[in-house]
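Enquirer: File coords-v2.cif below, mmCIF, C-alpha atoms and all ligand atoms:
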data_query
loop_
_atom_site.label_atom_id
_atom_site.label_comp_id
_atom_site.auth_asym_id
_atom_site.auth_seq_id
_atom_site.Cartn_x
_atom_site.Cartn_y
_atom_site.Cartn_z
CA MET A 473 -19.16 -16.92 21.45
CA PRO A 474 -22.18 -17.73 19.29
CA GLY A 475 -22.30 -21.49 18.72
CA TYR A 476 -22.43 -21.12 14.99
CA CYS A 477 -19.29 -19.04 14.73
CA GLY A 478 -16.85 -21.12 12.70
CA ALA A 479 -19.11 -24.19 12.85
CA TRP A 480 -19.37 -24.27 9.08
CA SER A 481 -16.67 -23.78 6.48
CA ALA A 482 -16.31 -22.66 2.90
CA VAL A 483 -14.27 -25.18 0.95
CA GLN A 484 -12.58 -24.91 -2.41
CA GLU A 485 -10.36 -27.07 -4.56
CA GLU A 486 -8.15 -25.58 -7.22
CA ASP A 487 -5.22 -27.22 -8.97
CA GLY A 488 -4.57 -29.69 -6.19
CA THR A 489 -4.76 -27.11 -3.43
CA TYR A 490 -7.65 -27.47 -1.03
CA THR A 491 -8.70 -24.53 1.13
CA ALA A 492 -11.19 -24.42 3.98
CA VAL A 493 -12.13 -21.02 5.42
CA PRO A 494 -14.15 -20.86 8.64
CA LEU A 495 -17.48 -19.05 8.28
CA ARG A 496 -17.45 -16.55 11.10
CA CYS A 497 -20.39 -14.87 12.83
CA ARG A 498 -18.77 -11.42 12.44
CA SER A 499 -20.32 -10.24 15.68
CA TRP A 500 -18.65 -7.57 17.83
CA ALA A 501 -19.95 -9.58 20.77
CA CYS A 502 -17.98 -12.66 19.69
CA PRO A 503 -14.64 -12.99 21.51
CA ARG A 504 -13.11 -14.63 18.46
CA CYS A 505 -14.45 -12.24 15.82
CA ALA A 506 -14.24 -8.94 17.73
CA PRO A 507 -10.41 -8.69 17.76
CA LEU A 508 -10.29 -9.56 14.06
CA LEU A 509 -12.98 -7.02 13.24
CA ARG A 510 -11.15 -4.41 15.27
CA ARG A 511 -7.83 -5.10 13.54
CA ARG A 512 -9.55 -5.00 10.19
CA LEU A 513 -11.25 -1.73 11.06
CA VAL A 514 -8.05 -0.07 12.24
CA LYS A 515 -6.38 -1.16 9.02
CA ALA A 516 -9.25 0.15 6.90
CA LEU A 517 -9.17 3.47 8.74
CA GLU A 518 -5.46 4.01 8.22
CA GLY A 519 -5.04 7.09 6.11
CA VAL A 520 -8.76 7.83 6.05
CA GLU A 521 -9.35 11.53 6.52
CA ALA A 522 -11.66 12.97 9.20
CA HIS A 523 -11.99 16.54 10.37
CA ARG A 524 -14.03 16.34 13.54
CA PHE A 525 -15.45 14.10 16.21
CA ILE A 526 -19.07 14.71 17.11
CA THR A 527 -20.86 13.26 20.12
CA LEU A 528 -24.65 13.06 19.99
CA THR A 529 -26.64 12.16 23.08
CA CYS A 530 -30.23 11.32 23.91
CA ASN A 531 -32.70 12.78 26.37
CA PRO A 532 -33.76 9.89 28.65
CA ALA A 533 -36.87 11.82 29.76
CA ARG A 534 -38.20 11.43 26.22
CA HIS A 535 -37.98 7.62 26.10
CA ARG A 536 -39.50 4.69 27.95
CA ALA A 537 -36.39 2.56 27.61
CA PRO A 538 -32.89 2.74 26.05
CA ALA A 539 -34.07 0.60 23.13
CA ASP A 540 -36.52 3.38 22.19
CA ALA A 541 -33.74 5.93 22.37
CA TYR A 542 -31.60 3.80 20.02
CA ARG A 543 -34.40 3.66 17.48
CA THR A 544 -35.09 7.39 17.72
CA MET A 545 -31.41 8.32 17.43
CA SER A 546 -30.81 5.94 14.57
CA LEU A 547 -33.62 7.51 12.57
CA ALA A 548 -32.60 11.01 13.68
CA LEU A 549 -29.05 10.41 12.47
CA SER A 550 -30.29 9.70 8.94
CA HIS A 551 -32.32 12.94 9.02
CA LEU A 552 -29.41 14.90 10.48
CA VAL A 553 -27.05 13.72 7.74
CA LYS A 554 -29.60 14.76 5.09
CA ARG A 555 -29.91 18.19 6.70
CA ILE A 556 -26.14 18.66 6.87
CA ARG A 557 -25.82 17.72 3.19
CA ARG A 558 -28.62 20.10 2.28
CA LEU A 559 -26.89 22.87 4.23
CA HIS A 560 -23.53 22.20 2.53
CA PRO A 561 -24.38 20.66 -0.84
CA HIS A 562 -20.77 20.85 -2.07
CA ALA A 563 -18.93 19.78 1.07
CA ARG A 564 -19.25 15.98 0.66
CA PHE A 565 -20.14 15.24 4.25
CA GLU A 566 -19.18 11.67 5.23
CA TYR A 567 -19.28 10.04 8.63
CA PHE A 568 -18.51 6.98 10.70
CA ALA A 569 -20.62 6.59 13.86
CA VAL A 570 -20.16 4.20 16.77
CA TRP A 571 -22.73 3.51 19.48
CA GLU A 572 -21.83 3.81 23.11
CA ALA A 573 -23.98 3.63 26.24
CA THR A 574 -23.89 5.38 29.58
CA LYS A 575 -23.74 3.25 32.73
CA ALA A 576 -27.54 3.41 32.90
CA GLY A 577 -27.68 2.08 29.32
CA TRP A 578 -28.69 5.28 27.52
CA PRO A 579 -27.12 5.51 24.07
CA HIS A 580 -24.90 8.14 22.61
CA LEU A 581 -23.22 8.26 19.25
CA HIS A 582 -19.57 8.98 18.61
CA MET A 583 -19.10 10.18 15.12
CA ALA A 584 -16.03 10.91 13.04
CA ALA A 585 -16.92 13.26 10.21
CA ARG A 586 -15.32 14.62 7.08
CA GLY A 587 -16.32 17.66 5.03
CA ALA A 588 -18.73 20.47 5.99
CA SER A 589 -17.77 22.55 8.99
CA LEU A 590 -20.68 22.56 11.43
CA PRO A 591 -21.47 25.33 13.87
CA GLN A 592 -22.15 23.76 17.26
CA ARG A 593 -25.27 25.87 17.72
CA TRP A 594 -26.82 24.84 14.45
CA LEU A 595 -26.05 21.18 15.04
CA SER A 596 -27.38 21.28 18.58
CA GLY A 597 -30.60 22.94 17.37
CA GLN A 598 -31.13 20.30 14.70
CA TRP A 599 -30.51 17.46 17.13
CA ARG A 600 -32.90 18.96 19.69
CA GLU A 601 -35.59 19.22 17.05
CA LEU A 602 -35.05 15.59 15.99
CA THR A 603 -34.57 13.91 19.36
CA GLY A 604 -35.32 16.34 22.18
CA ALA A 605 -31.70 16.19 23.29
CA ALA A 606 -29.46 19.19 22.88
CA VAL A 607 -26.08 18.02 24.13
CA VAL A 608 -23.81 17.96 21.12
CA ASP A 609 -20.06 18.01 21.38
CA ILE A 610 -17.80 18.83 18.42
CA ARG A 611 -14.03 18.47 18.43
CA ARG A 612 -11.48 19.02 15.73
CA VAL A 613 -9.33 16.07 14.78
CA GLN A 614 -5.74 17.05 15.54
CA HIS A 615 -3.84 14.20 13.91
CA ALA A 616 -4.88 11.95 11.08
CA ASP A 617 -3.90 8.81 13.02
CA GLN A 618 -6.16 9.83 15.90
CA LEU A 619 -9.15 8.54 14.00
CA ALA A 620 -8.27 4.85 13.82
CA THR A 621 -7.20 4.80 17.47
CA TYR A 622 -10.31 6.63 18.59
CA LEU A 623 -12.81 4.46 16.77
CA ALA A 624 -11.03 1.23 17.58
CA LYS A 625 -11.04 2.21 21.25
CA GLU A 626 -14.77 2.82 21.12
CA LEU A 627 -15.38 -0.47 19.38
CA ALA A 628 -13.17 -2.36 21.82
CA LYS A 629 -15.58 -1.60 24.64
CA ALA A 630 -18.40 -3.96 25.51
CA PRO A 631 -21.02 -3.99 22.75
CA THR A 632 -23.89 -1.67 23.53
CA ALA A 633 -26.16 -1.58 20.49
CA PRO A 634 -29.26 -3.72 21.02
CA ALA A 635 -29.51 -7.05 19.23
CA GLY A 636 -30.25 -6.56 15.57
CA MET A 637 -28.65 -3.12 15.45
CA LYS A 638 -25.24 -2.61 13.99
CA ARG A 639 -22.43 -1.55 16.27
CA PHE A 640 -21.45 1.26 13.95
CA ARG A 641 -22.76 3.10 10.96
CA CYS A 642 -20.80 4.50 8.12
CA SER A 643 -21.67 6.59 5.08
CA ARG A 644 -20.76 4.89 1.84
CA ALA A 645 -17.82 7.07 0.90
CA PHE A 646 -16.32 7.54 4.35
CA LEU A 647 -13.80 4.71 4.07
CA GLN A 648 -12.56 6.06 0.73
CA GLY A 649 -12.71 2.75 -1.06
CA GLN A 650 -11.49 0.61 1.87
CA ARG A 651 -13.62 -2.37 2.84
CA LEU A 652 -14.20 -3.80 6.25
CA THR A 653 -15.47 -7.26 5.61
CA SER A 654 -13.50 -8.77 2.73
CA TRP A 655 -11.32 -10.90 5.04
CA LEU A 656 -14.37 -12.80 6.23
CA ARG A 657 -15.67 -13.76 2.85
CA PRO A 658 -14.21 -16.27 0.48
CA PRO A 659 -13.24 -14.59 -2.78
CA THR A 660 -16.06 -14.53 -5.27
CA GLY A 661 -15.96 -16.05 -8.72
CA SER A 662 -14.40 -19.32 -7.60
CA LYS A 663 -15.95 -22.67 -6.84
CA TRP A 664 -16.53 -22.36 -3.12
CA GLN A 665 -18.82 -24.79 -1.38
CA VAL A 666 -20.22 -24.53 2.10
CA VAL A 667 -19.85 -27.60 4.31
CA PRO A 668 -21.56 -28.00 7.70
CA VAL A 669 -18.34 -28.82 9.58
CA ASP A 670 -15.63 -26.62 11.08
CA THR A 671 -12.22 -26.36 9.46
CA ALA A 672 -10.66 -28.72 12.04
CA CYS A 673 -13.07 -31.48 10.94
CA GLN A 674 -12.39 -30.69 7.31
CA ALA A 675 -8.66 -30.91 8.02
CA ASP A 676 -9.18 -34.37 9.55
CA VAL A 677 -11.02 -35.49 6.43
CA TRP A 678 -8.11 -34.31 4.27
CA ARG A 679 -5.54 -35.91 6.57
CA ALA A 680 -7.44 -39.18 6.32
CA GLN A 681 -7.16 -38.84 2.54
CA GLY A 682 -3.40 -38.50 2.91
CA LYS A 683 -3.14 -34.81 2.13
CA VAL A 684 -0.61 -32.45 3.69
CA VAL A 685 -2.52 -30.06 5.91
CA TYR A 686 -1.50 -26.57 7.00
CA VAL A 687 -3.49 -24.83 9.72
CA HIS A 688 -3.16 -21.06 9.56
CA HIS A 689 -3.60 -18.85 12.59
CA ASP A 690 -6.90 -17.39 11.37
CA GLY A 691 -8.38 -20.90 11.30
CA THR A 692 -8.01 -21.30 7.56
CA VAL A 693 -6.76 -24.70 6.45
CA THR A 694 -4.79 -25.45 3.31
CA ALA A 695 -4.21 -28.98 2.08
CA LEU A 696 -2.03 -30.30 -0.73
CA ASP A 697 -2.00 -33.74 -2.24
CA ARG A 698 0.82 -33.49 -4.71
CA LEU A 699 3.82 -33.97 -2.44
CA ARG A 700 5.36 -37.40 -2.52
CA TRP A 701 6.59 -37.45 1.09
CA LEU A 702 3.04 -37.61 2.35
CA PRO A 703 3.36 -40.95 4.20
CA VAL A 704 5.94 -39.39 6.52
CA LEU A 705 3.34 -37.07 7.95
CA ASP A 706 1.03 -39.79 9.11
CA LEU A 707 3.59 -41.12 11.55
CA HIS A 708 2.74 -38.81 14.37
CA PRO A 709 -0.31 -36.70 15.25
CA HIS A 710 1.92 -33.81 16.34
CA ALA A 711 3.59 -33.65 12.98
CA LEU A 712 1.13 -31.08 11.74
CA SER A 713 1.60 -28.57 14.51
CA ASP A 714 5.20 -29.25 15.46
CA TRP A 715 7.28 -28.26 12.49
CA ALA A 716 10.59 -29.09 14.13
CA PHE A 717 9.32 -32.62 14.64
CA PHE A 718 7.90 -32.76 11.14
CA LEU A 719 11.14 -31.67 9.49
CA LYS A 720 13.17 -34.05 11.63
CA VAL A 721 10.97 -37.01 10.64
CA ALA A 722 10.92 -35.88 7.01
CA ALA A 723 14.71 -35.53 6.97
CA GLN A 724 15.11 -39.01 8.49
CA TYR A 725 12.70 -40.48 5.97
CA ILE A 726 14.53 -38.86 3.09
CA ALA A 727 17.89 -40.08 4.42
CA THR A 728 16.64 -43.66 4.76
CA HIS A 729 14.90 -43.68 1.38
CA PRO A 730 17.58 -42.26 -0.94
CA ARG A 731 16.06 -43.91 -3.99
CA ALA A 732 12.75 -42.13 -3.55
CA GLY A 733 14.50 -38.92 -4.71
CA LEU A 734 12.65 -36.78 -2.18
CA SER A 735 13.52 -33.36 -0.84
CA LEU A 736 12.24 -31.30 2.06
CA PRO A 737 9.03 -29.48 1.23
CA GLU A 738 8.79 -25.82 0.47
CA LEU A 739 6.45 -24.29 3.00
CA PRO A 740 3.66 -22.02 1.77
CA SER A 741 4.77 -18.40 1.85
CA ASP A 742 1.65 -17.24 3.68
CA LEU A 743 2.05 -19.76 6.46
CA ALA A 744 1.39 -18.09 9.80
CA GLU A 745 4.66 -16.99 11.33
CA ASP A 746 4.03 -18.81 14.57
CA LEU A 747 3.80 -22.04 12.59
CA LEU A 748 7.10 -21.61 10.83
CA PRO A 749 9.59 -24.22 11.84
CA PRO A 750 12.50 -23.26 14.05
CA PRO A 751 15.96 -23.88 12.52
CA LEU A 752 16.83 -27.56 12.39
CA ALA A 753 19.33 -28.76 14.99
CA ALA A 754 22.26 -30.47 13.28
ZN ZN B 801 -17.64 -15.08 15.80
#
Just give me the structure of the file as structure tokens.
Expert:
Amino acid sequence: MPGYCGAWSAVQEEDGTYTAVPLRCRSWACPRCAPLLRRRLVKALEGVEAHRFITLTCNPARHRAPADAYRTMSLALSHLVKRIRRLHPHARFEYFAVWEATKAGWPHLHMAARGASLPQRWLSGQWRELTGAAVVDIRRVQHADQLATYLAKELAKAPTAPAGMKRFRCSRAFLQGQRLTSWLRPPTGSKWQVVPVDTACQADVWRAQGKVVYVHHDGTVTALDRLRWLPVLDLHPHALSDWAFFLKVAAQYIATHPRAGLSLPELPSDLAEDLLPPPLAA
């Protein structure tokens, strides 16, 4: 996992609610980010229409090394898309392409495409002209839900694109308005600040200030300072992860301080399910 992944946080304060979001590396090579990216991708692809899967290969005899082949194919793909659109100006050709490599490291592209029907012979001829490789495979998509599964499976494999190259490419309209990256970015238009500490450190700072801290399963931390039963939480370091313990201590505190007029807190509705407290034992 890249050392900088999650090392910094974006922090915001709004109406007494403090939020710290980890700044992730968003790399498919990162064991923490890859599963999130994959889940996000599958979600974005749900309901997205594709008509065919196309596999484009390279001709190793034409290149000194796989990295050359990547560059050639990447450029060739842009040309190929232009040619397809020129051939079918009204078909709105859109695509989503994922890199994969053979055991020897030679790249091929798996592409899900929408629009324009493409004769295999024409496509193969174009690709040969652009790259010197003629092996092109076209398959019809049988079920709409095949797409998400197919692409997610490809992306779940070990990353193959060389450093600095994206793992997949996607034409602007392919996702039909869906976005892949919004979950990683703090919402815009609010007063976010970047701090050079991870969210766990930020949570400690807020705990030290007496705030109530919630740690969500994606690493996001929410803190509140308006609840009056705050002192209860500082009794035990496990109180913040062990909700059964927390509620027990809070209930005891409330019972022994009747004049404080306290009640058990309402937990945030978006609290990760695995953090929700089990039912209180009587
Ligand atoms: Zn990461």
Enquirer: Grab me every residue within 10 Å of ligand ZN 801 (chain B), counting all atoms listed in the file, and send it over as JSON, numbers by chain.
Expert: {"A": [473, 474, 475, 476, 477, 478, 479, 494, 495, 496, 497, 498, 499, 500, 501, 502, 503, 504, 505, 506, 507, 508, 509]}
Enquirer: Give me the residues near Lys683 of chain A as a list in words, where near means some atom within 6 Å (using only C-alpha atoms) and where sequence neighbours in that chain fewer than 6 positions away do not count.
Expert: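 Everything that qualifies: Ala695, Leu696 and Asp697 of chain A.
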Enquirer: Just give me the gap between atom CA of Ala606 of chain A and atom CA of Pro579 of chain A in Å, one decimal is fine.
Expert: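 Between these atoms lies a distance of 13.9 Å.
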Enquirer: Which residues are close to Arg555 of chain A, i.e. within 12 Å by only C-alpha atoms, leaving aside same-chain residues fewer than 4 positions away? Reply as a PyMOL selection string.
Expert: chain A and resi 548-551+559-561+565+588+590+594-595+597-599+601-602
Enquirer: So what do you get for atom CA of Arg593 of chain A versus atom CA of Arg644 of chain A, distance-wise?
Expert: 26.7 Å
